[in-house]
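Structure file coords-v1.pdb with PDB, C-alpha atoms:
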```
ATOM      1  CA  MET A  45       1.582 -21.399   1.956
ATOM      2  CA  THR A  46       1.453 -24.464   4.224
ATOM      3  CA  ASN A  47       2.163 -22.313   7.310
ATOM      4  CA  THR A  48      -0.724 -19.940   6.559
ATOM      5  CA  LEU A  49      -3.091 -22.863   6.082
ATOM      6  CA  SER A  50      -2.364 -24.437   9.466
ATOM      7  CA  ALA A  51      -2.631 -21.065  11.231
ATOM      8  CA  ALA A  52      -6.187 -20.627   9.941
ATOM      9  CA  GLU A  53      -7.061 -24.252  10.743
ATOM     10  CA  THR A  54      -5.678 -23.954  14.279
ATOM     11  CA  ALA A  55      -7.508 -20.703  14.882
ATOM     12  CA  LEU A  56     -10.712 -22.282  13.567
ATOM     13  CA  ASP A  57     -10.354 -25.354  15.808
ATOM     14  CA  LEU A  58      -9.831 -23.146  18.857
ATOM     15  CA  TRP A  59     -12.793 -20.980  17.987
ATOM     16  CA  LEU A  60     -15.071 -23.976  17.356
ATOM     17  CA  ALA A  61     -14.086 -25.501  20.707
ATOM     18  CA  GLU A  62     -14.934 -22.218  22.439
ATOM     19  CA  GLN A  63     -18.326 -22.030  20.733
ATOM     20  CA  THR A  64     -19.223 -25.605  21.647
ATOM     21  CA  ASP A  65     -18.589 -24.894  25.325
ATOM     22  CA  LYS A  66     -20.883 -21.888  25.437
ATOM     23  CA  SER A  67     -24.383 -22.270  26.823
ATOM     24  CA  LEU A  68     -27.365 -20.758  25.037
ATOM     25  CA  LEU A  69     -29.844 -18.400  26.653
ATOM     26  CA  ARG A  70     -33.115 -17.654  24.923
ATOM     27  CA  PHE A  71     -34.846 -14.578  26.264
ATOM     28  CA  SER A  72     -37.703 -12.347  25.268
ATOM     29  CA  THR A  73     -38.988  -8.898  26.048
ATOM     30  CA  CYS A  74     -42.514  -8.326  27.246
ATOM     31  CA  GLY A  75     -44.557  -5.450  28.539
ATOM     32  CA  SER A  76     -46.981  -2.797  27.416
ATOM     33  CA  VAL A  77     -46.933  -0.669  24.282
ATOM     34  CA  ASP A  78     -44.309   2.115  24.101
ATOM     35  CA  ASP A  79     -42.471   1.171  27.281
ATOM     36  CA  GLY A  80     -39.195   0.741  25.402
ATOM     37  CA  LYS A  81     -38.786  -2.986  24.646
ATOM     38  CA  SER A  82     -37.462  -2.615  21.077
ATOM     39  CA  THR A  83     -35.244   0.328  22.013
ATOM     40  CA  LEU A  84     -33.788  -1.702  24.883
ATOM     41  CA  ILE A  85     -32.835  -4.608  22.621
ATOM     42  CA  GLY A  86     -31.447  -2.263  19.950
ATOM     43  CA  ARG A  87     -29.402  -0.459  22.585
ATOM     44  CA  LEU A  88     -28.132  -3.760  23.989
ATOM     45  CA  LEU A  89     -26.932  -4.852  20.548
ATOM     46  CA  TYR A  90     -25.326  -1.461  19.902
ATOM     47  CA  ASP A  91     -23.546  -1.222  23.253
ATOM     48  CA  SER A  92     -22.231  -4.757  22.857
ATOM     49  CA  GLN A  93     -20.705  -3.715  19.518
ATOM     50  CA  LEU A  94     -22.726  -6.327  17.697
ATOM     51  CA  ILE A  95     -24.017  -4.064  14.940
ATOM     52  CA  LEU A  96     -22.020  -4.435  11.731
ATOM     53  CA  ASP A  97     -20.746  -1.345   9.915
ATOM     54  CA  ASP A  98     -23.101  -1.491   6.932
ATOM     55  CA  GLN A  99     -26.034  -2.116   9.290
ATOM     56  CA  LEU A 100     -24.988   0.898  11.381
ATOM     57  CA  ALA A 101     -24.735   3.087   8.285
ATOM     58  CA  SER A 102     -28.265   2.048   7.214
ATOM     59  CA  LEU A 103     -29.480   2.664  10.749
ATOM     60  CA  ARG A 104     -28.139   6.222  10.826
ATOM     61  CA  LYS A 105     -29.742   6.957   7.472
ATOM     62  CA  GLU A 106     -33.077   5.496   8.585
ATOM     63  CA  SER A 107     -32.971   7.375  11.901
ATOM     64  CA  ARG A 108     -33.214  10.792  10.273
ATOM     65  CA  ASN A 109     -36.512  12.480  11.163
ATOM     66  CA  ARG A 110     -37.102  10.062  14.027
ATOM     67  CA  THR A 111     -36.793  10.389  17.815
ATOM     68  CA  THR A 112     -33.249   9.437  18.726
ATOM     69  CA  GLY A 113     -30.808   9.438  21.629
ATOM     70  CA  ASP A 114     -27.452  11.269  21.736
ATOM     71  CA  GLU A 115     -25.932   9.088  19.017
ATOM     72  CA  GLY A 116     -28.586  10.155  16.518
ATOM     73  CA  ILE A 117     -29.864   6.597  16.207
ATOM     74  CA  ASP A 118     -33.358   5.191  16.761
ATOM     75  CA  PHE A 119     -32.365   1.840  18.280
ATOM     76  CA  SER A 120     -35.810   0.309  17.885
ATOM     77  CA  LEU A 121     -35.199   0.206  14.108
ATOM     78  CA  LEU A 122     -32.796  -2.681  14.711
ATOM     79  CA  VAL A 123     -35.685  -4.952  15.564
ATOM     80  CA  ASP A 124     -38.693  -3.155  14.018
ATOM     81  CA  GLY A 125     -38.019  -3.667  10.308
ATOM     82  CA  LEU A 126     -41.452  -3.940   8.698
ATOM     83  CA  THR A 127     -42.698  -0.805   6.914
ATOM     84  CA  ALA A 128     -45.870  -0.809   9.026
ATOM     85  CA  GLU A 129     -43.846  -1.107  12.242
ATOM     86  CA  ARG A 130     -41.661   1.857  11.317
ATOM     87  CA  GLU A 131     -44.538   4.006  10.128
ATOM     88  CA  GLN A 132     -46.506   3.403  13.317
ATOM     89  CA  GLY A 133     -43.515   3.254  15.647
ATOM     90  CA  ILE A 134     -44.620  -0.084  17.120
ATOM     91  CA  THR A 135     -43.638  -3.746  17.052
ATOM     92  CA  ILE A 136     -46.140  -5.968  15.241
ATOM     93  CA  ASP A 137     -44.322  -9.236  14.807
ATOM     94  CA  VAL A 138     -41.571 -10.895  16.811
ATOM     95  CA  ALA A 139     -37.990 -10.135  15.742
ATOM     96  CA  TYR A 140     -35.240 -12.620  16.620
ATOM     97  CA  ARG A 141     -31.624 -11.542  16.957
ATOM     98  CA  PHE A 142     -28.747 -13.978  17.452
ATOM     99  CA  PHE A 143     -25.551 -12.903  19.176
ATOM    100  CA  SER A 144     -22.844 -14.146  21.484
ATOM    101  CA  THR A 145     -20.321 -12.844  23.971
ATOM    102  CA  ASP A 146     -17.180 -14.432  25.454
ATOM    103  CA  LYS A 147     -19.171 -16.679  27.713
ATOM    104  CA  ARG A 148     -22.566 -17.325  26.192
ATOM    105  CA  LYS A 149     -24.730 -17.471  23.105
ATOM    106  CA  PHE A 150     -28.040 -15.614  23.047
ATOM    107  CA  ILE A 151     -31.262 -15.569  21.079
ATOM    108  CA  VAL A 152     -33.467 -12.592  21.877
ATOM    109  CA  ALA A 153     -37.092 -12.308  20.808
ATOM    110  CA  ASP A 154     -38.461  -8.782  20.778
ATOM    111  CA  THR A 155     -42.243  -8.995  21.161
ATOM    112  CA  PRO A 156     -45.120  -6.529  20.630
ATOM    113  CA  GLY A 157     -46.898  -4.833  23.527
ATOM    114  CA  HIS A 158     -50.207  -4.031  21.833
ATOM    115  CA  GLU A 159     -53.145  -6.041  23.113
ATOM    116  CA  GLN A 160     -54.170  -7.004  19.569
ATOM    117  CA  TYR A 161     -50.790  -8.669  18.999
ATOM    118  CA  THR A 162     -50.817 -10.769  22.165
ATOM    119  CA  ARG A 163     -50.665 -13.927  20.049
ATOM    120  CA  ASN A 164     -47.345 -12.784  18.571
ATOM    121  CA  MET A 165     -46.036 -11.981  22.040
ATOM    122  CA  ALA A 166     -46.946 -15.482  23.208
ATOM    123  CA  THR A 167     -45.146 -17.019  20.201
ATOM    124  CA  GLY A 168     -42.025 -15.039  20.965
ATOM    125  CA  ALA A 169     -42.120 -15.914  24.637
ATOM    126  CA  SER A 170     -42.926 -19.604  24.083
ATOM    127  CA  ASN A 171     -39.305 -20.721  23.707
ATOM    128  CA  ALA A 172     -37.750 -18.238  26.081
ATOM    129  CA  ASP A 173     -35.957 -19.244  29.297
ATOM    130  CA  LEU A 174     -35.962 -15.683  30.568
ATOM    131  CA  ALA A 175     -38.404 -12.825  30.127
ATOM    132  CA  ILE A 176     -37.387  -9.197  30.511
ATOM    133  CA  VAL A 177     -40.502  -7.441  31.748
ATOM    134  CA  LEU A 178     -40.312  -3.741  30.839
ATOM    135  CA  ILE A 179     -42.092  -1.198  33.003
ATOM    136  CA  ASP A 180     -42.488   2.408  31.872
ATOM    137  CA  ALA A 181     -41.142   4.703  34.584
ATOM    138  CA  ARG A 182     -43.803   7.257  33.738
ATOM    139  CA  LYS A 183     -46.758   4.897  33.952
ATOM    140  CA  GLY A 184     -45.949   1.983  36.208
ATOM    141  CA  VAL A 185     -47.506  -1.433  35.667
ATOM    142  CA  LEU A 186     -50.117  -1.412  32.891
ATOM    143  CA  THR A 187     -52.631  -4.016  31.702
ATOM    144  CA  GLN A 188     -50.344  -5.545  29.107
ATOM    145  CA  THR A 189     -47.373  -5.536  31.490
ATOM    146  CA  ALA A 190     -49.476  -7.574  33.892
ATOM    147  CA  ALA A 191     -50.874  -9.798  31.119
ATOM    148  CA  ALA A 192     -47.392 -10.644  29.916
ATOM    149  CA  GLN A 193     -46.483 -11.904  33.357
ATOM    150  CA  LEU A 194     -49.372 -14.336  33.573
ATOM    151  CA  HIS A 195     -47.834 -16.477  30.894
ATOM    152  CA  PRO A 196     -49.201 -20.019  31.166
ATOM    153  CA  GLU A 197     -45.899 -21.893  31.155
ATOM    154  CA  PRO A 198     -44.093 -24.090  33.688
ATOM    155  CA  ASP A 199     -42.260 -22.552  36.631
ATOM    156  CA  ARG A 200     -38.859 -22.849  34.973
ATOM    157  CA  ARG A 201     -39.360 -19.409  33.485
ATOM    158  CA  GLU A 202     -37.528 -16.535  35.099
ATOM    159  CA  ALA A 203     -38.306 -12.867  34.734
ATOM    160  CA  CYS A 204     -36.023  -9.897  35.000
ATOM    161  CA  ARG A 205     -37.736  -6.549  35.540
ATOM    162  CA  ALA A 206     -36.359  -3.508  33.735
ATOM    163  CA  GLY A 207     -37.382   0.129  34.005
ATOM    164  CA  GLY A 208     -37.831   1.935  30.673
ATOM    165  CA  GLN A 209     -38.340   5.555  29.575
ATOM    166  CA  GLN A 210     -36.188   6.688  32.492
ATOM    167  CA  ASP A 211     -34.865   9.554  30.410
ATOM    168  CA  ARG A 212     -38.248  11.312  30.247
ATOM    169  CA  PRO A 213     -39.058  12.658  33.679
ATOM    170  CA  ARG A 214     -40.559  16.007  32.774
ATOM    171  CA  ARG A 215     -44.118  14.849  32.363
ATOM    172  CA  LEU A 216     -44.303  13.257  35.763
ATOM    173  CA  ARG A 217     -44.731  14.668  39.182
ATOM    174  CA  ARG A 218     -41.444  14.518  41.044
ATOM    175  CA  ARG A 219     -42.388  11.935  43.656
ATOM    176  CA  ARG A 220     -43.640   9.407  41.147
ATOM    177  CA  VAL A 221     -40.445   9.600  39.085
ATOM    178  CA  GLN A 222     -38.429   8.992  42.230
ATOM    179  CA  ARG A 223     -40.465   5.929  43.131
ATOM    180  CA  HIS A 224     -40.100   4.284  39.750
ATOM    181  CA  ARG A 225     -36.467   5.237  39.335
ATOM    182  CA  ASP A 226     -35.341   3.665  42.576
ATOM    183  CA  ARG A 227     -37.493   0.609  42.584
ATOM    184  CA  VAL A 228     -38.828  -1.336  39.655
ATOM    185  CA  PRO A 229     -42.311  -2.658  40.598
ATOM    186  CA  GLY A 230     -42.427  -6.358  41.503
ATOM    187  CA  LEU A 231     -43.992  -9.165  39.522
ATOM    188  CA  ARG A 232     -47.751  -9.449  39.610
ATOM    189  CA  GLN A 233     -49.258 -11.754  42.171
ATOM    190  CA  GLY A 234     -50.258 -15.021  40.553
ATOM    191  CA  SER A 235     -47.451 -14.903  38.020
ATOM    192  CA  ARG A 236     -45.656 -18.219  37.703
ATOM    193  CA  LEU A 237     -42.456 -16.497  36.641
ATOM    194  CA  ARG A 238     -39.560 -16.554  39.106
ATOM    195  CA  ASP A 239     -38.234 -13.103  39.880
ATOM    196  CA  ALA A 240     -34.623 -12.631  38.796
ATOM    197  CA  GLY A 241     -34.253  -9.035  39.959
ATOM    198  CA  GLY A 242     -35.069  -5.456  38.989
ATOM    199  CA  HIS A 243     -32.915  -3.100  36.912
ATOM    200  CA  PRO A 244     -33.853   0.575  36.701
ATOM    201  CA  GLY A 245     -32.634   2.884  33.955
ATOM    202  CA  VAL A 246     -32.211   1.570  30.429
ATOM    203  CA  GLY A 247     -33.105   2.480  26.862
ATOM    204  CA  ALA A 248     -32.409   5.256  24.423
ATOM    205  CA  GLN A 249     -29.721   7.064  26.409
ATOM    206  CA  GLY A 250     -28.085   3.851  27.540
ATOM    207  CA  ARG A 251     -27.642   4.956  31.118
ATOM    208  CA  GLN A 252     -26.841   2.274  33.685
ATOM    209  CA  HIS A 253     -26.487  -0.091  30.822
ATOM    210  CA  PRO A 254     -23.734  -2.652  31.414
ATOM    211  CA  ARG A 255     -21.174  -2.781  28.647
ATOM    212  CA  PRO A 256     -19.817  -6.316  28.329
ATOM    213  CA  PRO A 257     -16.172  -6.616  27.249
ATOM    214  CA  ALA A 258     -15.653  -7.438  23.580
ATOM    215  CA  PRO A 259     -14.856 -11.096  22.750
ATOM    216  CA  THR A 260     -11.204 -11.885  21.921
ATOM    217  CA  CYS A 261     -10.338 -11.938  18.243
ATOM    218  CA  PRO A 262      -9.890 -15.580  17.202
ATOM    219  CA  GLY A 263      -7.977 -14.886  14.005
ATOM    220  CA  ILE A 264      -5.394 -12.207  14.540
ATOM    221  CA  ALA A 265      -2.375 -12.829  16.764
ATOM    222  CA  ALA A 266      -0.933  -9.360  17.125
ATOM    223  CA  ARG A 267      -2.551  -5.951  17.170
ATOM    224  CA  SER A 268       0.118  -4.577  14.843
ATOM    225  CA  SER A 269      -0.792  -6.988  12.057
ATOM    226  CA  CYS A 270      -4.529  -6.328  12.198
ATOM    227  CA  PRO A 271      -5.754  -3.988   9.423
ATOM    228  CA  THR A 272      -8.856  -2.980  11.423
ATOM    229  CA  SER A 273      -6.765  -2.051  14.434
ATOM    230  CA  ARG A 274      -4.373  -0.017  12.285
ATOM    231  CA  ALA A 275      -7.289   1.847  10.697
ATOM    232  CA  SER A 276      -8.862   2.659  14.050
ATOM    233  CA  ARG A 277      -5.583   4.042  15.371
ATOM    234  CA  SER A 278      -5.301   6.459  12.464
ATOM    235  CA  ARG A 279      -8.948   7.534  12.760
ATOM    236  CA  PRO A 280      -9.836   6.999  16.390
ATOM    237  CA  THR A 281     -13.232   8.643  16.222
ATOM    238  CA  ALA A 282     -14.565   6.794  13.199
ATOM    239  CA  PRO A 283     -16.970   4.085  14.375
ATOM    240  CA  THR A 284     -16.589   2.035  11.202
ATOM    241  CA  SER A 285     -12.994   1.263  12.135
ATOM    242  CA  ARG A 286     -14.001  -0.397  15.365
ATOM    243  CA  CYS A 287     -13.492  -4.137  15.484
ATOM    244  CA  ALA A 288     -15.925  -6.338  17.392
ATOM    245  CA  PHE A 289     -13.080  -8.294  18.936
ATOM    246  CA  ARG A 290     -10.374  -7.472  21.454
ATOM    247  CA  CYS A 291      -6.860  -8.040  20.095
ATOM    248  CA  SER A 292      -5.361 -11.096  21.716
ATOM    249  CA  GLY A 293      -1.784  -9.864  21.315
TER     250      GLY A 293
ATOM    251  CA  MET B 197     -17.285  -7.932 -10.872
ATOM    252  CA  VAL B 198     -17.400  -7.594 -14.657
ATOM    253  CA  ASP B 199     -18.711 -10.736 -16.322
ATOM    254  CA  ASP B 200     -20.560  -9.527 -19.419
ATOM    255  CA  ASP B 201     -21.793  -6.326 -21.039
ATOM    256  CA  ARG B 202     -24.682  -5.893 -18.584
ATOM    257  CA  PHE B 203     -22.116  -4.305 -16.297
ATOM    258  CA  ARG B 204     -22.079  -0.596 -17.154
ATOM    259  CA  PHE B 205     -18.901   1.447 -16.715
ATOM    260  CA  LYS B 206     -18.875   5.073 -15.676
ATOM    261  CA  PRO B 207     -16.786   7.409 -17.882
ATOM    262  CA  GLY B 208     -13.063   6.713 -17.388
ATOM    263  CA  GLU B 209     -13.556   3.372 -15.582
ATOM    264  CA  THR B 210     -11.701   0.230 -16.665
ATOM    265  CA  ALA B 211     -11.637  -3.333 -15.362
ATOM    266  CA  ARG B 212      -8.648  -4.781 -13.470
ATOM    267  CA  GLU B 213      -7.902  -8.210 -12.033
ATOM    268  CA  GLU B 214      -8.242  -8.789  -8.281
ATOM    269  CA  MET B 215      -8.865 -11.695  -5.900
ATOM    270  CA  ILE B 216     -12.479 -11.461  -4.769
ATOM    271  CA  ARG B 217     -15.019 -13.634  -3.002
ATOM    272  CA  PHE B 218     -18.812 -13.512  -3.106
ATOM    273  CA  ARG B 219     -20.456 -13.679   0.302
ATOM    274  CA  THR B 220     -23.890 -13.660  -1.248
ATOM    275  CA  LEU B 221     -25.319 -14.892  -4.541
ATOM    276  CA  GLY B 222     -27.868 -12.600  -6.093
ATOM    277  CA  CYS B 223     -28.709 -11.229  -9.522
ATOM    278  CA  TYR B 224     -25.863 -10.122 -11.749
ATOM    279  CA  PRO B 225     -24.779  -7.323 -11.898
ATOM    280  CA  LEU B 226     -26.628  -6.235  -8.730
ATOM    281  CA  SER B 227     -24.538  -8.283  -6.280
ATOM    282  CA  GLY B 228     -21.013  -7.228  -5.308
ATOM    283  CA  GLY B 229     -18.129  -9.384  -4.105
ATOM    284  CA  ILE B 230     -15.482  -8.437  -1.522
ATOM    285  CA  ARG B 231     -11.712  -8.277  -1.852
ATOM    286  CA  SER B 232     -10.451 -11.524  -0.289
ATOM    287  CA  ASP B 233      -7.474 -13.882  -0.436
ATOM    288  CA  ALA B 234      -9.223 -16.641   1.504
ATOM    289  CA  ALA B 235      -8.869 -19.778  -0.625
ATOM    290  CA  ASP B 236     -10.049 -22.576   1.699
ATOM    291  CA  LEU B 237     -12.837 -23.160   4.187
ATOM    292  CA  PRO B 238     -10.933 -22.431   7.458
ATOM    293  CA  SER B 239      -9.630 -19.129   6.021
ATOM    294  CA  ILE B 240     -13.105 -18.156   4.830
ATOM    295  CA  ILE B 241     -14.615 -18.859   8.241
ATOM    296  CA  MET B 242     -11.925 -16.894  10.089
ATOM    297  CA  GLU B 243     -12.319 -14.028   7.623
ATOM    298  CA  MET B 244     -16.053 -13.983   8.355
ATOM    299  CA  GLN B 245     -15.382 -13.923  12.095
ATOM    300  CA  ALA B 246     -13.256 -10.802  11.759
ATOM    301  CA  SER B 247     -15.588  -9.123   9.280
ATOM    302  CA  ARG B 248     -17.206  -5.859  10.282
ATOM    303  CA  THR B 249     -19.849  -5.943   7.552
ATOM    304  CA  SER B 250     -22.812  -8.196   6.895
ATOM    305  CA  GLU B 251     -23.139 -10.419   3.820
ATOM    306  CA  ARG B 252     -25.920  -8.145   2.553
ATOM    307  CA  GLU B 253     -23.450  -5.289   2.010
ATOM    308  CA  GLY B 254     -22.942  -6.232  -1.627
ATOM    309  CA  ARG B 255     -26.673  -6.394  -2.411
ATOM    310  CA  LEU B 256     -27.760  -3.287  -4.276
ATOM    311  CA  ILE B 257     -31.374  -4.493  -4.274
ATOM    312  CA  ASP B 258     -31.645  -3.839  -0.502
ATOM    313  CA  SER B 259     -31.431  -0.087  -0.863
ATOM    314  CA  ASP B 260     -33.192   0.782  -4.099
ATOM    315  CA  SER B 261     -36.192   2.062  -2.112
ATOM    316  CA  VAL B 262     -37.598   2.141   1.434
ATOM    317  CA  GLY B 263     -38.792  -1.321   2.442
ATOM    318  CA  SER B 264     -37.363  -2.647  -0.811
ATOM    319  CA  MET B 265     -37.356  -6.360   0.001
ATOM    320  CA  GLU B 266     -40.717  -6.236   1.765
ATOM    321  CA  LYS B 267     -42.340  -4.558  -1.267
ATOM    322  CA  LYS B 268     -40.923  -7.121  -3.649
ATOM    323  CA  LYS B 269     -42.183  -9.951  -1.454
ATOM    324  CA  GLN B 270     -45.663  -8.427  -1.472
ATOM    325  CA  GLU B 271     -45.475  -8.078  -5.252
ATOM    326  CA  GLY B 272     -44.795 -11.808  -5.468
ATOM    327  CA  TYR B 273     -41.120 -11.893  -6.370
ATOM    328  CA  PHE B 274     -40.126 -14.503  -3.750
TER     329      PHE B 274
END
```
For this file, produce the structure as structure tokens.
Amino acid sequence: MTNTLSAAETALDLWLAEQTDKSLLRFSTCGSVDDGKSTLIGRLLYDSQLILDDQLASLRKESRNRTTGDEGIDFSLLVDGLTAEREQGITIDVAYRFFSTDKRKFIVADTPGHEQYTRNMATGASNADLAIVLIDARKGVLTQTAAAQLHPEPDRREACRAGGQQDRPRRLRRRRVQRHRDRVPGLRQGSRLRDAGGHPGVGAQGRQHPRPPAPTCPGIAARSSCPTSRASRSRPTAPTSRCAFRCSG
Amino acid sequence: MVDDDRFRFKPGETAREEMIRFRTLGCYPLSGGIRSDAADLPSIIMEMQASRTSEREGRLIDSDSVGSMEKKKQEGYF
């Protein structure tokens, strides 16, 4: 009994030390309506294996009769939870999600793109160190995309430009798709945000989406003793058996 | 968890003793516990770190209808 106690305490001490050393990044999405902000954040959480099994099960159920990617999931539902948001397919209020990786802790604020909810967007962006400015590949820079960039805050804010809706080329003329796919438009002149780079191709299909490695499991020493790992080996295709952590042994 | 006669059994079901822990405290009998041997704080924390489910998993109230919690809030329950 004593041995088990100290193993848990040691593991906890190690884990706490790791958490204390991690820096925190607060970031927010901004852009125009329907350019893919909520889907991007949902996809990010999903690809980083940060969605818990019961949440994933609810998500699959709620995604029936909705537009989804290959996995059959509408990723925007992870941040658009209000009945009105789901019925209208838009973000009305800011949703905050907290997560961490091996190296850093994050707080993401998913903000609305509709002009009438600009106040909510400003609230969400007010504490952010980084803004991800989404630009719809089909439409380019729109009024709200530009408005989001003229945020009246000190120059410490950085902006990262991301291209959304890259998986829907059919409605566009060929040349325009090419232009937006290869180059995400720059920040608007007069914006006090510092440009942190452009990233084309994100969203529902998850293409060109970096997959960060899973954090190391703080509690289990050997793969063979982990019940989750054993379960996933017997049913390799079942997503509910997947552990969020990498086995350390 | 069976605590009094508000807990209704299905035909053929009986109660048995197990070590469980409640991750969330809601109305009885609408809140479920989880099977757990964690008996002190460090073990509980490490168990939570490895958990693949959220603490809301045991809350039956979350799924009784679409937008269940939001409706109840609007009706003045919270």
| task | For CA of Asp200 in chain B and CA of Arg252 in chain B, quote the distance in Å rounded to one decimal. | result |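 Between CA of Asp200 in chain B and CA of Arg252 in chain B the gap is 22.7 Å.
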| request: Report the residues retrieved by the ChimeraX specification (/B :<6) & /A from the displayed file, expressed as JSON, numbers by chain. | output: {"A": [52, 53, 96, 97, 98, 127, 263]}
| query | Which residue, B:Gln270, B:Tyr224, B:Val198, B:Arg255, has the smallest gap to Arg212 in chain B when you use all atoms listed in the file? | reply | B:Val198
| field | Residue contacts of Leu122 in chain A (10 Å, all atoms listed in the file) excluding same-chain residues fewer than 4 positions away, as a PyMOL selection string | value | chain A and resi 82-83+85-87+89-90+95+99-100+102-103+117-118+139+141
| Pick from B:Asp258, B:Arg217, B:Gly222, B:Ser227 nearest to Phe203 in chain B, counting only C-alpha atoms |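 Distance minimum relative to Phe203 in chain B lands on B:Ser227.
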Limit the output to N, CA, C and O atoms and give range 212-227 of chain B as a CSV table (one decimal), in the first residue's frame.
```csv
chain,number,residue,atom,x,y,z
B,212,ARG,N,-24.8,-4.8,-6.3
B,212,ARG,CA,-23.6,-5.5,-5.8
B,212,ARG,C,-22.6,-4.4,-5.3
B,212,ARG,O,-22.7,-3.2,-5.7
B,213,GLU,N,-21.7,-4.8,-4.5
B,213,GLU,CA,-20.7,-3.8,-3.9
B,213,GLU,C,-19.5,-3.6,-4.8
B,213,GLU,O,-18.9,-4.6,-5.2
B,214,GLU,N,-19.2,-2.3,-5.0
B,214,GLU,CA,-18.0,-2.0,-5.8
B,214,GLU,C,-17.4,-0.7,-5.3
B,214,GLU,O,-18.1,0.1,-4.6
B,215,MET,N,-16.1,-0.5,-5.6
B,215,MET,CA,-15.4,0.7,-5.2
B,215,MET,C,-15.7,1.7,-6.3
B,215,MET,O,-15.4,1.5,-7.4
B,216,ILE,N,-16.4,2.8,-5.9
B,216,ILE,CA,-16.7,3.8,-6.9
B,216,ILE,C,-16.3,5.2,-6.4
B,216,ILE,O,-16.1,5.4,-5.2
B,217,ARG,N,-16.3,6.2,-7.3
B,217,ARG,CA,-16.0,7.6,-7.0
B,217,ARG,C,-16.9,8.5,-7.8
B,217,ARG,O,-17.1,8.2,-9.0
B,218,PHE,N,-17.4,9.5,-7.2
B,218,PHE,CA,-18.2,10.5,-7.9
B,218,PHE,C,-17.3,11.6,-8.4
B,218,PHE,O,-16.7,12.3,-7.6
B,219,ARG,N,-17.3,11.8,-9.7
B,219,ARG,CA,-16.6,13.0,-10.3
B,219,ARG,C,-17.4,14.2,-10.3
B,219,ARG,O,-16.9,15.3,-10.5
B,220,THR,N,-18.7,14.0,-10.1
B,220,THR,CA,-19.6,15.2,-10.2
B,220,THR,C,-20.7,14.9,-9.2
B,220,THR,O,-21.1,13.8,-9.0
B,221,LEU,N,-21.2,16.0,-8.6
B,221,LEU,CA,-22.3,15.9,-7.6
B,221,LEU,C,-23.6,16.5,-8.2
B,221,LEU,O,-23.7,17.7,-8.3
B,222,GLY,N,-24.5,15.7,-8.5
B,222,GLY,CA,-25.8,16.2,-9.1
B,222,GLY,C,-26.9,15.6,-8.3
B,222,GLY,O,-26.7,15.0,-7.3
B,223,CYS,N,-28.1,15.7,-8.9
B,223,CYS,CA,-29.3,15.1,-8.2
B,223,CYS,C,-29.2,13.6,-8.2
B,223,CYS,O,-28.7,12.9,-9.1
B,224,TYR,N,-29.6,13.0,-7.1
B,224,TYR,CA,-29.8,11.5,-7.0
B,224,TYR,C,-31.2,11.1,-7.5
B,224,TYR,O,-32.1,11.8,-7.1
B,225,PRO,N,-31.4,10.1,-8.3
B,225,PRO,CA,-30.4,9.2,-8.8
B,225,PRO,C,-29.9,9.5,-10.2
B,225,PRO,O,-29.5,8.6,-10.9
B,226,LEU,N,-29.9,10.7,-10.6
B,226,LEU,CA,-29.6,11.1,-12.0
B,226,LEU,C,-28.1,11.3,-12.2
B,226,LEU,O,-27.6,11.6,-13.3
B,227,SER,N,-27.2,11.1,-11.2
B,227,SER,CA,-25.8,11.3,-11.4
B,227,SER,C,-25.1,10.0,-11.1
B,227,SER,O,-25.3,9.4,-10.1
```
